[in-house]
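Worksheet: the structure to be examined is printed underneath.
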Amino acid sequence: MILRHAWMTVALAVAAMLGQGASAQAIDRIVHAGTLIDGTGAAPRRDVSILISGERIVSVEPGKVTRPGAAITDLSGLTVLPGFINTHMHLDLKEGSNNPVADAMQSSELDHLMQDAINAREMLKRGFTSARTLGSLGEDAALKRGIDRGAVPGPRLWVALEQLGATGSVADRSTGFDENLSNPHWARRILDSPEQAAFQVRDRKKRGADLIKIMVSGAVTSLAPEGVAMQRLSDEEIRAVVKAARELNMKVAAHAYGPEAIKAAVAGGVSSIEHGSYADEAALRAMKEKGVYLVPTLTIFAIQQDLARNKPELFNPVIREKTLALGDTPWRMVTMAHKIGVKIAFGSDAVLPARLAEEFGHYVRAGLTPMEAIQTATVNAADLIGASDRIGSIQPGRFADLVAVAGDPLKDVSILTKLAFVMKGGAVVRDDTGR
């Protein structure tokens, strides 16, 4: 009896200590939220306080909580959400960049890094506190390190470095050039056999890549005349890349438009299908069965189709024809994917930072509810990246990445394009509240 009583006393003391963890931890800042949409899909909560220590959220508590010495950020008149996550970006591109030959010949790796930094800063201001970059000249690893050191502002990055694809595919930077021209960097993008996969994956890992991007099908932005749906990597090459990546704890994102290319990528073990515009029901059901994410990138299609119709001189004729041929197919595909139950993660692919958040509206147009659209850029995107314990929701232990808007995005998702407040890791990035 005495021994049992002693153990109970110890257990109660330990429980009390754990219960006091949040209150005992030093609280630097408290955010008072009028309405909280925490990113998990749970119903909104009214009048709550988000307690922050350093970069992390300690707790979310009802009412307007205060703590001695803690700074108060009063967002009690606004709706607070997690910082957004964009899982498909190319930060090195710029407005009006529709000629891949000119871009390749007139911009160095350092030029691309400068454009990266500009876009990263603007992207963060618009509430995107985390992102995957899915194709560059390899400079995005340097940008990621600079952001992590605090040298330049920008979202947390998961980088893929150069796209990887077959000779003559969109990954092949020499396409459209005189065959006597060459660049030593171009070989880093080519995969023409399964045997090359291990080297290419390991080389990217060595240089700082977090994931691998493969170009399984044709592409709208390729100068190659074949249709975008055509499969360009073999089944064996896809499997070899995935195997090499998994050995290094890396995920594989697959650019794929057509149903056969999508099914091959899914069977090969990729984690996400990028674009997927021409997916049929069979391809989408294969994705659903394997738990493969769809990243639709509808914003870039809307932007490019508008330009192709109204400013055709900006486009190579081959690219313009492919762009216009898409029509509303990508939106109809997302509608079908949603009905089937395919997991969807936010990815705009747009290089105009001011238009990134338009992707939410495109998802609602395709049939998602506003809450489901928000989840694509929060809990779903975090799951795809593999960082649900750090980003994507407003919960204890996650980074204090917050955005706030005036109004109710569950009634009008377009207000997410008009943020009043942005915080990344407990630091205020933007405050237009006029407090």
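Residue numbering restarts at 1 for every chain of the structure tokens, chains are lettered A, B, ... in their displayed order, and ligands are numbered from 1 as they appear.
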Counting only C-alpha atoms, what is within 10 Å of region 415-418 of chain A, bar same-chain residues fewer than 3 positions away, as a list of chain:residue names?
->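 The contact residues come out as A:Leu81, A:Phe84, A:Arg126, A:Gly127, A:Ala354, A:Arg355, A:Leu356, A:Ala357, A:Glu358, A:Glu359, A:Phe360, A:Gly361, A:Ile374, A:Val403, A:Ala404, A:Val405, A:Ala406, A:Gly407, A:Asp408, A:Pro409, A:Leu410, A:Lys411, A:Asp412, A:Phe421.
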Hey, what's within 9 Å of region 269-279 of chain A if we count only C-alpha atoms and toss same-chain stuff fewer than 5 positions away? As a PyMOL selection string, please?
-> chain A and resi 88+228-229+238-239+242-243+251-260+262+264+284+287+290-298+326+329-334+337+345+347+384
Can you spit out the residues from that selection as a CSV table (one decimal), in the first residue's frame, using N, CA and C atoms?
chain,number,residue,atom,x,y,z
A,88,HIS,N,4.8,24.2,-55.7
A,88,HIS,CA,5.3,24.2,-57.0
A,88,HIS,C,5.6,25.6,-57.4
A,228,VAL,N,2.0,17.5,-75.2
A,228,VAL,CA,2.5,17.5,-73.9
A,228,VAL,C,2.2,16.2,-73.1
A,229,ALA,N,1.2,15.4,-73.6
A,229,ALA,CA,0.8,14.2,-72.9
A,229,ALA,C,1.8,13.1,-73.1
A,238,ILE,N,12.1,5.9,-64.4
A,238,ILE,CA,11.3,6.4,-63.3
A,238,ILE,C,11.6,5.6,-62.0
A,239,ARG,N,11.5,4.3,-62.1
A,239,ARG,CA,11.7,3.5,-60.9
A,239,ARG,C,13.1,3.6,-60.4
A,242,VAL,N,13.3,6.9,-58.4
A,242,VAL,CA,12.6,6.8,-57.1
A,242,VAL,C,13.4,5.9,-56.1
A,243,LYS,N,14.0,4.8,-56.6
A,243,LYS,CA,14.8,4.0,-55.7
A,243,LYS,C,16.0,4.7,-55.2
A,251,LYS,N,11.9,12.6,-51.6
A,251,LYS,CA,10.7,12.4,-52.4
A,251,LYS,C,10.9,12.8,-53.8
A,252,VAL,N,10.1,12.2,-54.7
A,252,VAL,CA,10.2,12.6,-56.1
A,252,VAL,C,8.9,13.2,-56.6
A,253,ALA,N,9.0,14.4,-57.2
A,253,ALA,CA,7.8,15.0,-57.8
A,253,ALA,C,7.9,14.8,-59.3
A,254,ALA,N,6.8,14.4,-60.0
A,254,ALA,CA,6.8,14.1,-61.4
A,254,ALA,C,5.9,15.1,-62.2
A,255,HIS,N,6.6,15.8,-63.1
A,255,HIS,CA,5.9,16.6,-64.1
A,255,HIS,C,5.3,15.6,-65.1
A,256,ALA,N,3.9,15.6,-65.2
A,256,ALA,CA,3.3,14.7,-66.1
A,256,ALA,C,1.9,15.2,-66.4
A,257,TYR,N,1.6,15.2,-67.7
A,257,TYR,CA,0.3,15.8,-68.2
A,257,TYR,C,-0.6,14.7,-68.7
A,258,GLY,N,-0.2,13.7,-69.4
A,258,GLY,CA,-1.1,12.7,-70.0
A,258,GLY,C,-1.3,11.5,-69.1
A,259,PRO,N,-2.4,10.7,-69.3
A,259,PRO,CA,-2.8,9.6,-68.5
A,259,PRO,C,-1.7,8.5,-68.4
A,260,GLU,N,-1.1,8.1,-69.5
A,260,GLU,CA,-0.1,7.1,-69.5
A,260,GLU,C,1.1,7.5,-68.7
A,262,ILE,N,1.2,9.7,-66.3
A,262,ILE,CA,0.8,9.8,-64.9
A,262,ILE,C,0.8,8.4,-64.3
A,264,ALA,N,2.4,5.7,-65.3
A,264,ALA,CA,3.8,5.2,-65.2
A,264,ALA,C,4.5,5.9,-63.9
A,284,LEU,N,-6.4,9.0,-62.4
A,284,LEU,CA,-6.7,9.7,-61.1
A,284,LEU,C,-7.0,8.6,-60.0
A,287,MET,N,-3.8,7.3,-58.7
A,287,MET,CA,-3.2,8.3,-57.8
A,287,MET,C,-3.9,8.1,-56.4
A,290,LYS,N,-2.8,5.0,-54.5
A,290,LYS,CA,-1.4,5.0,-54.0
A,290,LYS,C,-1.2,6.2,-53.1
A,291,GLY,N,-2.2,7.1,-52.9
A,291,GLY,CA,-2.0,8.2,-52.0
A,291,GLY,C,-1.1,9.3,-52.6
A,292,VAL,N,-1.0,9.3,-54.0
A,292,VAL,CA,-0.2,10.3,-54.7
A,292,VAL,C,-0.9,11.7,-54.8
A,293,TYR,N,-0.2,12.7,-54.4
A,293,TYR,CA,-0.8,14.1,-54.5
A,293,TYR,C,-0.8,14.6,-55.9
A,294,LEU,N,-1.9,15.4,-56.1
A,294,LEU,CA,-2.0,16.2,-57.4
A,294,LEU,C,-1.7,17.6,-57.0
A,295,VAL,N,-0.8,18.2,-57.8
A,295,VAL,CA,-0.4,19.7,-57.7
A,295,VAL,C,-0.8,20.3,-59.0
A,296,PRO,N,-2.1,20.9,-59.1
A,296,PRO,CA,-2.6,21.3,-60.4
A,296,PRO,C,-2.0,22.5,-61.1
A,297,THR,N,-1.5,23.4,-60.4
A,297,THR,CA,-0.9,24.6,-61.0
A,297,THR,C,-1.8,25.4,-62.0
A,298,LEU,N,-3.0,25.7,-61.5
A,298,LEU,CA,-4.0,26.3,-62.4
A,298,LEU,C,-3.7,27.8,-62.7
A,326,LEU,N,-4.8,23.8,-74.2
A,326,LEU,CA,-5.3,23.3,-72.9
A,326,LEU,C,-6.7,23.7,-72.6
A,329,THR,N,-9.4,22.3,-69.8
A,329,THR,CA,-9.1,20.9,-69.4
A,329,THR,C,-8.5,20.8,-68.0
A,330,PRO,N,-7.6,21.6,-67.6
A,330,PRO,CA,-7.0,21.5,-66.3
A,330,PRO,C,-8.1,21.7,-65.2
A,331,TRP,N,-9.0,22.6,-65.3
A,331,TRP,CA,-10.0,22.8,-64.3
A,331,TRP,C,-11.0,21.6,-64.3
A,332,ARG,N,-11.4,21.1,-65.4
A,332,ARG,CA,-12.2,19.9,-65.4
A,332,ARG,C,-11.5,18.7,-64.8
A,333,MET,N,-10.2,18.6,-65.0
A,333,MET,CA,-9.5,17.5,-64.4
A,333,MET,C,-9.5,17.6,-62.9
A,334,VAL,N,-9.3,18.8,-62.4
A,334,VAL,CA,-9.3,19.0,-60.9
A,334,VAL,C,-10.7,18.6,-60.3
A,337,ALA,N,-10.8,14.9,-60.2
A,337,ALA,CA,-9.9,14.4,-59.1
A,337,ALA,C,-10.5,14.6,-57.8
A,345,ALA,N,-2.6,19.3,-53.4
A,345,ALA,CA,-1.7,20.2,-52.7
A,345,ALA,C,-1.6,21.5,-53.5
A,347,GLY,N,-0.2,24.5,-55.5
A,347,GLY,CA,1.0,24.8,-56.3
A,347,GLY,C,0.6,25.7,-57.5
A,384,LEU,N,2.6,16.6,-47.9
A,384,LEU,CA,3.3,16.3,-49.2
A,384,LEU,C,4.8,16.5,-49.0
Shell of 10 Å around region 385-388 of chain A, only C-alpha atoms, local chain residues under 2 positions omitted, as a list in words =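 So the residues in contact are Ile85, Thr87, Ser130, Ala131, Arg132, Trp158, Asp210, Leu211, Met250, Lys251, Ser271, Ser272, Ala345, Thr378, Val379, Asn380, Ala381, Ala382, Asp383, Arg390, Ile391, Gly392, Ser393 and Arg398 of chain A.
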Among the residues of region 12-76 of chain A, find those DSSP assigns to strand (DSSP E or B) from the backbone and print them as JSON, numbers by chain.
-> {"A": [29, 30, 31, 32, 33, 34, 35, 36, 45, 46, 47, 48, 49, 50, 51, 52, 53, 56, 57, 58, 59, 60, 61, 62, 71, 72, 73, 74, 75, 76]}
Quick one: everything within 8 Å of Gly41 (chain A), counting only C-alpha atoms, minus sequence neighbours fewer than 4 positions away in the same chain. Send it as an NGL selection string.
-> :A and (37 or 371-372 or 375)
So that I have them on file, write out the residues from the current selection with C-alpha atoms, as an mmCIF file, in the first residue's frame.
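Result file is again-v7.cif:
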data_model
loop_
_atom_site.group_PDB
_atom_site.id
_atom_site.type_symbol
_atom_site.label_atom_id
_atom_site.label_comp_id
_atom_site.auth_asym_id
_atom_site.auth_seq_id
_atom_site.Cartn_x
_atom_site.Cartn_y
_atom_site.Cartn_z
ATOM 1 C CA ILE A 37 -8.793 28.832 -39.081
ATOM 2 C CA MET A 371 -12.029 25.229 -46.491
ATOM 3 C CA GLU A 372 -10.742 22.448 -48.737
ATOM 4 C CA GLN A 375 -6.229 22.925 -46.675
#
For the atom pair CA of His362 (chain A) and CA of Asn310 (chain A), what is the interatomic distance in Å to one decimal place?
->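 Result for CA of His362 (chain A) versus CA of Asn310 (chain A): 20.6 Å, one decimal.
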If you count only C-alpha atoms, which residues fall within 12 Å of Thr323 (chain A), apart from same-chain ones fewer than 5 positions away, as a PDB file with N, CA, C and O atoms, in the first residue's frame?
ATOM      1  N   ASN A  98       8.741  34.017 -71.567  1.00  0.00           N
ATOM      2  CA  ASN A  98       8.040  32.970 -72.303  1.00  0.00           C
ATOM      3  C   ASN A  98       8.874  32.394 -73.448  1.00  0.00           C
ATOM      4  O   ASN A  98       8.377  31.621 -74.245  1.00  0.00           O
ATOM      5  N   ALA A 219       5.822  18.938 -72.359  1.00  0.00           N
ATOM      6  CA  ALA A 219       5.498  20.125 -71.571  1.00  0.00           C
ATOM      7  C   ALA A 219       4.979  21.239 -72.458  1.00  0.00           C
ATOM      8  O   ALA A 219       5.340  21.342 -73.635  1.00  0.00           O
ATOM      9  N   VAL A 220       4.149  22.086 -71.894  1.00  0.00           N
ATOM     10  CA  VAL A 220       3.634  23.249 -72.609  1.00  0.00           C
ATOM     11  C   VAL A 220       4.773  24.179 -72.993  1.00  0.00           C
ATOM     12  O   VAL A 220       4.796  24.741 -74.090  1.00  0.00           O
ATOM     13  N   THR A 221       5.749  24.347 -72.093  1.00  0.00           N
ATOM     14  CA  THR A 221       6.815  25.319 -72.325  1.00  0.00           C
ATOM     15  C   THR A 221       8.015  24.742 -73.076  1.00  0.00           C
ATOM     16  O   THR A 221       9.048  25.393 -73.199  1.00  0.00           O
ATOM     17  N   SER A 222       7.891  23.527 -73.589  1.00  0.00           N
ATOM     18  CA  SER A 222       8.978  22.931 -74.355  1.00  0.00           C
ATOM     19  C   SER A 222       8.863  23.312 -75.829  1.00  0.00           C
ATOM     20  O   SER A 222       7.764  23.390 -76.381  1.00  0.00           O
ATOM     21  N   LEU A 223      10.013  23.513 -76.467  1.00  0.00           N
ATOM     22  CA  LEU A 223      10.031  23.783 -77.903  1.00  0.00           C
ATOM     23  C   LEU A 223       9.884  22.507 -78.726  1.00  0.00           C
ATOM     24  O   LEU A 223       9.728  22.576 -79.943  1.00  0.00           O
ATOM     25  N   GLY A 227       3.143  16.372 -78.507  1.00  0.00           N
ATOM     26  CA  GLY A 227       2.128  16.761 -77.546  1.00  0.00           C
ATOM     27  C   GLY A 227       2.624  16.676 -76.115  1.00  0.00           C
ATOM     28  O   GLY A 227       3.528  15.897 -75.795  1.00  0.00           O
ATOM     29  N   VAL A 228       2.018  17.457 -75.244  1.00  0.00           N
ATOM     30  CA  VAL A 228       2.462  17.499 -73.852  1.00  0.00           C
ATOM     31  C   VAL A 228       2.158  16.203 -73.115  1.00  0.00           C
ATOM     32  O   VAL A 228       2.749  15.925 -72.072  1.00  0.00           O
ATOM     33  N   SER A 277      -2.771  17.743 -66.235  1.00  0.00           N
ATOM     34  CA  SER A 277      -3.925  18.368 -66.886  1.00  0.00           C
ATOM     35  C   SER A 277      -4.784  17.418 -67.708  1.00  0.00           C
ATOM     36  O   SER A 277      -6.001  17.567 -67.777  1.00  0.00           O
ATOM     37  N   ILE A 300      -0.898  29.360 -63.312  1.00  0.00           N
ATOM     38  CA  ILE A 300      -0.006  29.618 -64.437  1.00  0.00           C
ATOM     39  C   ILE A 300      -0.713  29.385 -65.766  1.00  0.00           C
ATOM     40  O   ILE A 300      -0.465  30.093 -66.745  1.00  0.00           O
ATOM     41  N   PHE A 301      -1.619  28.411 -65.800  1.00  0.00           N
ATOM     42  CA  PHE A 301      -2.363  28.180 -67.040  1.00  0.00           C
ATOM     43  C   PHE A 301      -3.258  29.372 -67.351  1.00  0.00           C
ATOM     44  O   PHE A 301      -3.365  29.801 -68.500  1.00  0.00           O
ATOM     45  N   ALA A 302      -3.912  29.920 -66.328  1.00  0.00           N
ATOM     46  CA  ALA A 302      -4.772  31.081 -66.540  1.00  0.00           C
ATOM     47  C   ALA A 302      -3.973  32.281 -67.036  1.00  0.00           C
ATOM     48  O   ALA A 302      -4.390  32.989 -67.964  1.00  0.00           O
ATOM     49  N   ILE A 303      -2.809  32.511 -66.432  1.00  0.00           N
ATOM     50  CA  ILE A 303      -1.961  33.638 -66.832  1.00  0.00           C
ATOM     51  C   ILE A 303      -1.471  33.460 -68.260  1.00  0.00           C
ATOM     52  O   ILE A 303      -1.558  34.373 -69.104  1.00  0.00           O
ATOM     53  N   GLN A 304      -0.958  32.267 -68.571  1.00  0.00           N
ATOM     54  CA  GLN A 304      -0.375  32.055 -69.898  1.00  0.00           C
ATOM     55  C   GLN A 304      -1.433  32.049 -71.000  1.00  0.00           C
ATOM     56  O   GLN A 304      -1.176  32.529 -72.107  1.00  0.00           O
ATOM     57  N   GLN A 305      -2.607  31.500 -70.713  1.00  0.00           N
ATOM     58  CA  GLN A 305      -3.652  31.509 -71.740  1.00  0.00           C
ATOM     59  C   GLN A 305      -4.095  32.931 -72.048  1.00  0.00           C
ATOM     60  O   GLN A 305      -4.345  33.275 -73.214  1.00  0.00           O
ATOM     61  N   ASP A 306      -4.183  33.755 -71.015  1.00  0.00           N
ATOM     62  CA  ASP A 306      -4.554  35.153 -71.240  1.00  0.00           C
ATOM     63  C   ASP A 306      -3.491  35.859 -72.091  1.00  0.00           C
ATOM     64  O   ASP A 306      -3.822  36.585 -73.041  1.00  0.00           O
ATOM     65  N   LEU A 307      -2.222  35.626 -71.780  1.00  0.00           N
ATOM     66  CA  LEU A 307      -1.151  36.238 -72.567  1.00  0.00           C
ATOM     67  C   LEU A 307      -1.110  35.698 -73.996  1.00  0.00           C
ATOM     68  O   LEU A 307      -0.891  36.449 -74.947  1.00  0.00           O
ATOM     69  N   ALA A 308      -1.318  34.390 -74.129  1.00  0.00           N
ATOM     70  CA  ALA A 308      -1.261  33.785 -75.463  1.00  0.00           C
ATOM     71  C   ALA A 308      -2.350  34.345 -76.372  1.00  0.00           C
ATOM     72  O   ALA A 308      -2.150  34.489 -77.587  1.00  0.00           O
ATOM     73  N   ARG A 309      -3.501  34.669 -75.794  1.00  0.00           N
ATOM     74  CA  ARG A 309      -4.598  35.232 -76.589  1.00  0.00           C
ATOM     75  C   ARG A 309      -4.370  36.709 -76.891  1.00  0.00           C
ATOM     76  O   ARG A 309      -4.651  37.177 -77.996  1.00  0.00           O
ATOM     77  N   PRO A 312       0.263  37.524 -78.244  1.00  0.00           N
ATOM     78  CA  PRO A 312       0.882  36.348 -78.879  1.00  0.00           C
ATOM     79  C   PRO A 312       2.341  36.558 -79.248  1.00  0.00           C
ATOM     80  O   PRO A 312       3.096  35.585 -79.376  1.00  0.00           O
ATOM     81  N   PHE A 315       5.253  34.813 -77.302  1.00  0.00           N
ATOM     82  CA  PHE A 315       5.413  33.362 -77.288  1.00  0.00           C
ATOM     83  C   PHE A 315       6.054  32.836 -78.562  1.00  0.00           C
ATOM     84  O   PHE A 315       5.785  33.333 -79.662  1.00  0.00           O
ATOM     85  N   ASN A 316       6.873  31.809 -78.407  1.00  0.00           N
ATOM     86  CA  ASN A 316       7.233  30.992 -79.553  1.00  0.00           C
ATOM     87  C   ASN A 316       5.948  30.335 -80.055  1.00  0.00           C
ATOM     88  O   ASN A 316       5.118  29.891 -79.254  1.00  0.00           O
ATOM     89  N   PRO A 317       5.727  30.256 -81.374  1.00  0.00           N
ATOM     90  CA  PRO A 317       4.473  29.693 -81.894  1.00  0.00           C
ATOM     91  C   PRO A 317       4.162  28.294 -81.377  1.00  0.00           C
ATOM     92  O   PRO A 317       2.993  27.955 -81.141  1.00  0.00           O
ATOM     93  N   VAL A 318       5.187  27.449 -81.194  1.00  0.00           N
ATOM     94  CA  VAL A 318       4.961  26.087 -80.690  1.00  0.00           C
ATOM     95  C   VAL A 318       4.383  26.136 -79.277  1.00  0.00           C
ATOM     96  O   VAL A 318       3.415  25.423 -78.959  1.00  0.00           O
ATOM     97  N   ASP A 328     -10.024  24.674 -70.968  1.00  0.00           N
ATOM     98  CA  ASP A 328     -10.429  24.511 -69.574  1.00  0.00           C
ATOM     99  C   ASP A 328     -10.169  23.096 -69.067  1.00  0.00           C
ATOM    100  O   ASP A 328     -10.636  22.720 -67.984  1.00  0.00           O
ATOM    101  N   THR A 329      -9.395  22.314 -69.817  1.00  0.00           N
ATOM    102  CA  THR A 329      -9.119  20.931 -69.427  1.00  0.00           C
ATOM    103  C   THR A 329      -8.531  20.818 -68.016  1.00  0.00           C
ATOM    104  O   THR A 329      -8.955  19.946 -67.243  1.00  0.00           O
ATOM    105  N   PRO A 330      -7.562  21.647 -67.624  1.00  0.00           N
ATOM    106  CA  PRO A 330      -7.018  21.503 -66.265  1.00  0.00           C
ATOM    107  C   PRO A 330      -8.065  21.674 -65.170  1.00  0.00           C
ATOM    108  O   PRO A 330      -8.033  20.965 -64.156  1.00  0.00           O
TER     109      PRO A 330
END
Give me every alpha helix (DSSP H) residue in region 11-237 of chain A, going by DSSP on the backbone, as an MDAnalysis selection string.
-> chainID A and resid 11:19 21:24 100:106 109:125 140:149 197:206 235:237
Nearby residues (only C-alpha atoms) at most 8 Å from region 48-53 of chain A, same-chain spacing under 6 positions excluded, as a list in words =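 Residues near the query, excluding close chain neighbours: Gln25, Ala26, Ile27, Asp28, Arg29, Ile30, Val31, His32, Ala33, Gly34, Thr35, Leu36, Ser59, Val60, Glu61, Pro62, Gly63, Lys64, Val65, Ala400 and Gly426 of chain A.
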For Lys288 (chain A), which of A:Ile319, A:Ala325, A:Ile344, A:Val80 is the closest residue, counting only C-alpha atoms?
->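 Among the listed residues, A:Ile344 lies closest to Lys288 (chain A).
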Pick out the closest residue to Ile212 (chain A) from this set: A:Met123, A:Leu134, A:Ala261, A:Leu233. Count only C-alpha atoms.
->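 When distances to Ile212 (chain A) are compared using only C-alpha atoms, the smallest one comes from A:Leu134.
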Taking 6 positions as the minimum chain separation for residues in the same chain, which residues sit within 12 Å of Ala224 (chain A) when counting only C-alpha atoms? Answer as a tab-separated table (two decimals) with N, CA, C and O atoms, in the first residue's frame.
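After the write, out04.tsv holds the following:
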chain	number	residue	atom	x	y	z
A	100	PRO	N	12.10	30.20	-73.84
A	100	PRO	CA	13.13	29.44	-73.13
A	100	PRO	C	14.51	29.57	-73.75
A	100	PRO	O	15.51	29.46	-73.04
A	166	ALA	N	14.72	13.42	-70.13
A	166	ALA	CA	15.38	12.81	-71.27
A	166	ALA	C	15.94	13.85	-72.23
A	166	ALA	O	15.50	15.01	-72.26
A	167	THR	N	16.91	13.42	-73.02
A	167	THR	CA	17.42	14.26	-74.11
A	167	THR	C	16.27	14.69	-75.02
A	167	THR	O	15.43	13.87	-75.41
A	168	GLY	N	16.22	15.98	-75.30
A	168	GLY	CA	15.16	16.51	-76.15
A	168	GLY	C	13.89	16.87	-75.43
A	168	GLY	O	12.97	17.43	-76.03
A	169	SER	N	13.80	16.58	-74.13
A	169	SER	CA	12.61	16.92	-73.36
A	169	SER	C	12.73	18.36	-72.87
A	169	SER	O	13.72	19.05	-73.12
A	170	VAL	N	11.73	18.81	-72.12
A	170	VAL	CA	11.75	20.17	-71.58
A	170	VAL	C	12.91	20.36	-70.61
A	170	VAL	O	13.37	21.47	-70.38
A	171	ALA	N	13.41	19.26	-70.03
A	171	ALA	CA	14.56	19.36	-69.13
A	171	ALA	C	15.85	19.66	-69.87
A	171	ALA	O	16.81	20.17	-69.28
A	172	ASP	N	15.89	19.36	-71.15
A	172	ASP	CA	17.10	19.51	-71.96
A	172	ASP	C	17.23	20.95	-72.42
A	172	ASP	O	16.52	21.41	-73.33
A	173	ARG	N	18.15	21.69	-71.79
A	173	ARG	CA	18.27	23.13	-72.07
A	173	ARG	C	18.83	23.40	-73.47
A	173	ARG	O	18.78	24.53	-73.94
A	174	SER	N	19.37	22.39	-74.13
A	174	SER	CA	19.93	22.62	-75.47
A	174	SER	C	18.88	22.56	-76.57
A	174	SER	O	19.17	22.88	-77.72
A	175	THR	N	17.65	22.16	-76.22
A	175	THR	CA	16.60	22.05	-77.23
A	175	THR	C	16.35	23.41	-77.89
A	175	THR	O	16.12	24.41	-77.21
A	176	GLY	N	16.39	23.44	-79.21
A	176	GLY	CA	16.17	24.67	-79.95
A	176	GLY	C	17.44	25.41	-80.30
A	176	GLY	O	17.38	26.43	-81.00
A	177	PHE	N	18.61	24.93	-79.81
A	177	PHE	CA	19.87	25.60	-80.08
A	177	PHE	C	20.63	24.93	-81.24
A	177	PHE	O	20.38	23.76	-81.56
A	217	SER	N	6.63	13.60	-68.81
A	217	SER	CA	5.91	13.80	-70.07
A	217	SER	C	6.45	15.01	-70.81
A	217	SER	O	7.38	15.68	-70.36
A	218	GLY	N	5.83	15.31	-71.95
A	218	GLY	CA	6.10	16.55	-72.64
A	218	GLY	C	5.64	17.73	-71.80
A	218	GLY	O	5.13	17.56	-70.69
A	230	MET	N	2.70	13.12	-74.09
A	230	MET	CA	3.59	12.01	-74.42
A	230	MET	C	4.53	11.67	-73.26
A	230	MET	O	5.12	12.55	-72.65
A	232	ARG	N	7.94	10.71	-71.74
A	232	ARG	CA	9.31	10.94	-72.20
A	232	ARG	C	10.36	10.16	-71.41
A	232	ARG	O	11.48	10.00	-71.88
A	316	ASN	N	6.87	31.81	-78.41
A	316	ASN	CA	7.23	30.99	-79.55
A	316	ASN	C	5.95	30.33	-80.05
A	316	ASN	O	5.12	29.89	-79.25
A	317	PRO	N	5.73	30.26	-81.37
A	317	PRO	CA	4.47	29.69	-81.89
A	317	PRO	C	4.16	28.29	-81.38
A	317	PRO	O	2.99	27.96	-81.14
A	318	VAL	N	5.19	27.45	-81.19
A	318	VAL	CA	4.96	26.09	-80.69
A	318	VAL	C	4.38	26.14	-79.28
A	318	VAL	O	3.41	25.42	-78.96
A	319	ILE	N	4.94	27.00	-78.42
A	319	ILE	CA	4.48	27.10	-77.04
A	319	ILE	C	3.09	27.72	-76.98
A	319	ILE	O	2.23	27.30	-76.20
A	321	GLU	N	0.72	27.54	-79.21
A	321	GLU	CA	-0.27	26.56	-79.65
A	321	GLU	C	-0.59	25.56	-78.54
A	321	GLU	O	-1.75	25.23	-78.30
A	322	LYS	N	0.42	25.10	-77.85
A	322	LYS	CA	0.19	24.16	-76.75
A	322	LYS	C	-0.59	24.81	-75.61
A	322	LYS	O	-1.46	24.19	-75.00
Separation of CA of Arg56 (chain A) and CA of Leu402 (chain A), in Å?
->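 Between CA of Arg56 (chain A) and CA of Leu402 (chain A) the gap is 11.1 Å.
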